Every structure is written in C-alpha cells, then in structure tokens.
>>> print(open('upload.cif').read())   # mmCIF, C-alpha atoms
data_structure
loop_
_atom_site.group_PDB
_atom_site.id
_atom_site.type_symbol
_atom_site.label_atom_id
_atom_site.label_comp_id
_atom_site.auth_asym_id
_atom_site.auth_seq_id
_atom_site.Cartn_x
_atom_site.Cartn_y
_atom_site.Cartn_z
ATOM 1 C CA MET A 1180 54.947 -21.993 28.392
ATOM 2 C CA GLY A 1181 52.020 -24.129 27.215
ATOM 3 C CA ALA A 1182 49.510 -21.914 29.002
ATOM 4 C CA ILE A 1183 50.781 -18.776 27.268
ATOM 5 C CA THR A 1184 50.661 -20.490 23.878
ATOM 6 C CA SER A 1185 47.095 -21.666 24.507
ATOM 7 C CA ALA A 1186 46.050 -18.186 25.601
ATOM 8 C CA VAL A 1187 47.577 -16.566 22.508
ATOM 9 C CA ILE A 1188 45.882 -19.109 20.225
ATOM 10 C CA ALA A 1189 42.532 -18.488 21.954
ATOM 11 C CA VAL A 1190 42.848 -14.697 21.643
ATOM 12 C CA VAL A 1191 43.814 -14.929 17.966
ATOM 13 C CA GLY A 1192 40.862 -17.263 17.366
ATOM 14 C CA VAL A 1193 38.441 -14.830 18.986
ATOM 15 C CA ILE A 1194 39.851 -11.921 16.958
ATOM 16 C CA LEU A 1195 39.602 -13.856 13.678
ATOM 17 C CA GLY A 1196 36.052 -14.922 14.534
ATOM 18 C CA TRP A 1197 35.056 -11.315 15.244
ATOM 19 C CA ILE A 1198 36.545 -10.140 11.938
ATOM 20 C CA THR A 1199 34.726 -12.928 10.088
ATOM 21 C CA ILE A 1200 31.371 -11.951 11.592
ATOM 22 C CA GLU A 1201 32.002 -8.259 10.817
ATOM 23 C CA ILE A 1202 32.745 -9.045 7.172
ATOM 24 C CA ALA A 1203 29.911 -11.557 6.709
ATOM 25 C CA CYS A 1204 27.204 -9.431 8.336
ATOM 26 C CA LYS A 1205 28.427 -5.994 7.281
ATOM 27 C CA PRO A 1206 25.187 -4.712 5.658
ATOM 28 C CA CYS A 1207 23.018 -5.732 8.615
ATOM 29 C CA LEU A 1208 25.465 -4.387 11.153
ATOM 30 C CA GLU A 1209 25.747 -1.031 9.360
ATOM 31 C CA LYS A 1210 21.966 -0.573 9.272
ATOM 32 C CA GLY A 1211 21.705 -1.455 12.931
ATOM 33 C CA ARG A 1212 24.482 0.916 13.906
ATOM 34 C CA GLN A 1213 22.870 3.728 11.890
ATOM 35 C CA ALA A 1214 19.548 3.109 13.640
ATOM 36 C CA ILE A 1215 21.246 3.205 17.041
ATOM 37 C CA ASP A 1216 23.072 6.419 16.116
ATOM 38 C CA ARG A 1217 19.799 8.037 15.008
ATOM 39 C CA SER A 1218 17.963 6.996 18.156
ATOM 40 C CA LEU A 1219 20.730 8.339 20.394
ATOM 41 C CA ASN A 1220 21.024 11.650 18.498
ATOM 42 C CA PRO A 1221 18.927 14.295 20.304
ATOM 43 C CA ASP A 1222 18.895 16.527 17.198
ATOM 44 C CA PHE A 1223 17.431 13.832 14.908
ATOM 45 C CA ASP A 1224 13.886 14.568 13.742
ATOM 46 C CA PRO A 1225 12.231 11.662 11.939
ATOM 47 C CA ASP A 1226 9.777 14.055 10.275
ATOM 48 C CA GLU A 1227 12.650 15.698 8.390
ATOM 49 C CA ASP A 1228 14.027 12.404 7.049
ATOM 50 C CA GLU A 1229 12.781 12.473 3.437
ATOM 51 C CA ASP A 1230 14.601 9.346 2.250
ATOM 52 C CA THR A 1231 12.778 6.920 4.521
ATOM 53 C CA ALA A 1232 9.477 8.789 4.821
ATOM 54 C CA ILE A 1233 6.380 6.657 4.390
ATOM 55 C CA ARG A 1234 4.118 8.214 1.803
ATOM 56 C CA ALA A 1235 1.068 5.994 2.301
ATOM 57 C CA PRO A 1236 -1.834 7.412 4.317
ATOM 58 C CA LEU A 1237 -2.430 5.858 7.707
ATOM 59 C CA ASN A 1238 -6.167 5.446 7.094
ATOM 60 C CA PRO A 1239 -6.767 4.981 3.368
ATOM 61 C CA PRO A 1240 -10.268 5.754 2.106
ATOM 62 C CA ALA A 1241 -12.636 2.833 1.706
ATOM 63 C CA VAL A 1242 -12.762 1.472 -1.818
ATOM 64 C CA ALA A 1243 -16.184 0.714 -3.194
ATOM 65 C CA SER A 1244 -16.309 -2.852 -4.419
ATOM 66 C CA SER A 1245 -18.576 -4.272 -7.077
ATOM 67 C CA ALA A 1246 -19.405 -7.326 -4.986
ATOM 68 C CA THR A 1247 -22.362 -7.026 -2.639
ATOM 69 C CA VAL A 1248 -21.703 -8.119 0.917
ATOM 70 C CA LYS A 1249 -24.655 -9.600 2.711
ATOM 71 C CA ALA A 1250 -24.790 -9.105 6.492
ATOM 72 C CA VAL A 1251 -26.015 -12.087 8.487
#
>>> encode(input="upload.cif", output="structure tokens")
Amino acid sequence: MGAITSAVIAVVGVILGWITIEIACKPCLEKGRQAIDRSLNPDFDPDEDEDTAIRAPLNPPAVASSATVKAV
C-alpha cells in the first residue's frame, strides 16, 4: 500500500509542478507556441504578416558626418 501512496503523491507533485510552470511562464510559452504553429503552417507567408513586419531598410544609406576621418 505504501508504494501506491508514494506513486500517487509523485504523480500529483509532477502535475502541480507542470501547472505552476504553465502559469508562471504563460507569456513566453504562448509566443513560442505561436512561432511553432507559424513555422509548421504551410500556408503561412511571412511577407503578408503586417503586424510584425520590419520597416527598416536592410542597407540604410550612408549618413554624411561633419567630422573628417583621416585614413592612415
């Protein structure tokens, strides 16, 4: 009977630990699960995702500075 009691206590402990981690890390876990869902979705096109689109140019134009740089 002691073995069954120990097993039940261990299972309940694991379940409570899992629930605690789910509640504590909910925002991070949701973002990760959304990223996994997007990467596994064959119909997902990252170019159509307007909410997370990066608006900065990849190669910004050079900015002229007022300081003179001397080449050595």
>>> atom_distance(input="upload.cif", atom1="atom CA of A:Leu1219", atom2="atom CA of A:Pro1206")
20.2 Å
>>> atom_distance(input="upload.cif", atom1="atom CA of A:Val1187", atom2="atom CA of A:Ile1200")
20.1 Å
>>> atom_distance(input="upload.cif", atom1="atom CA of A:Ala1214", atom2="atom CA of A:Leu1195")
26.3 Å
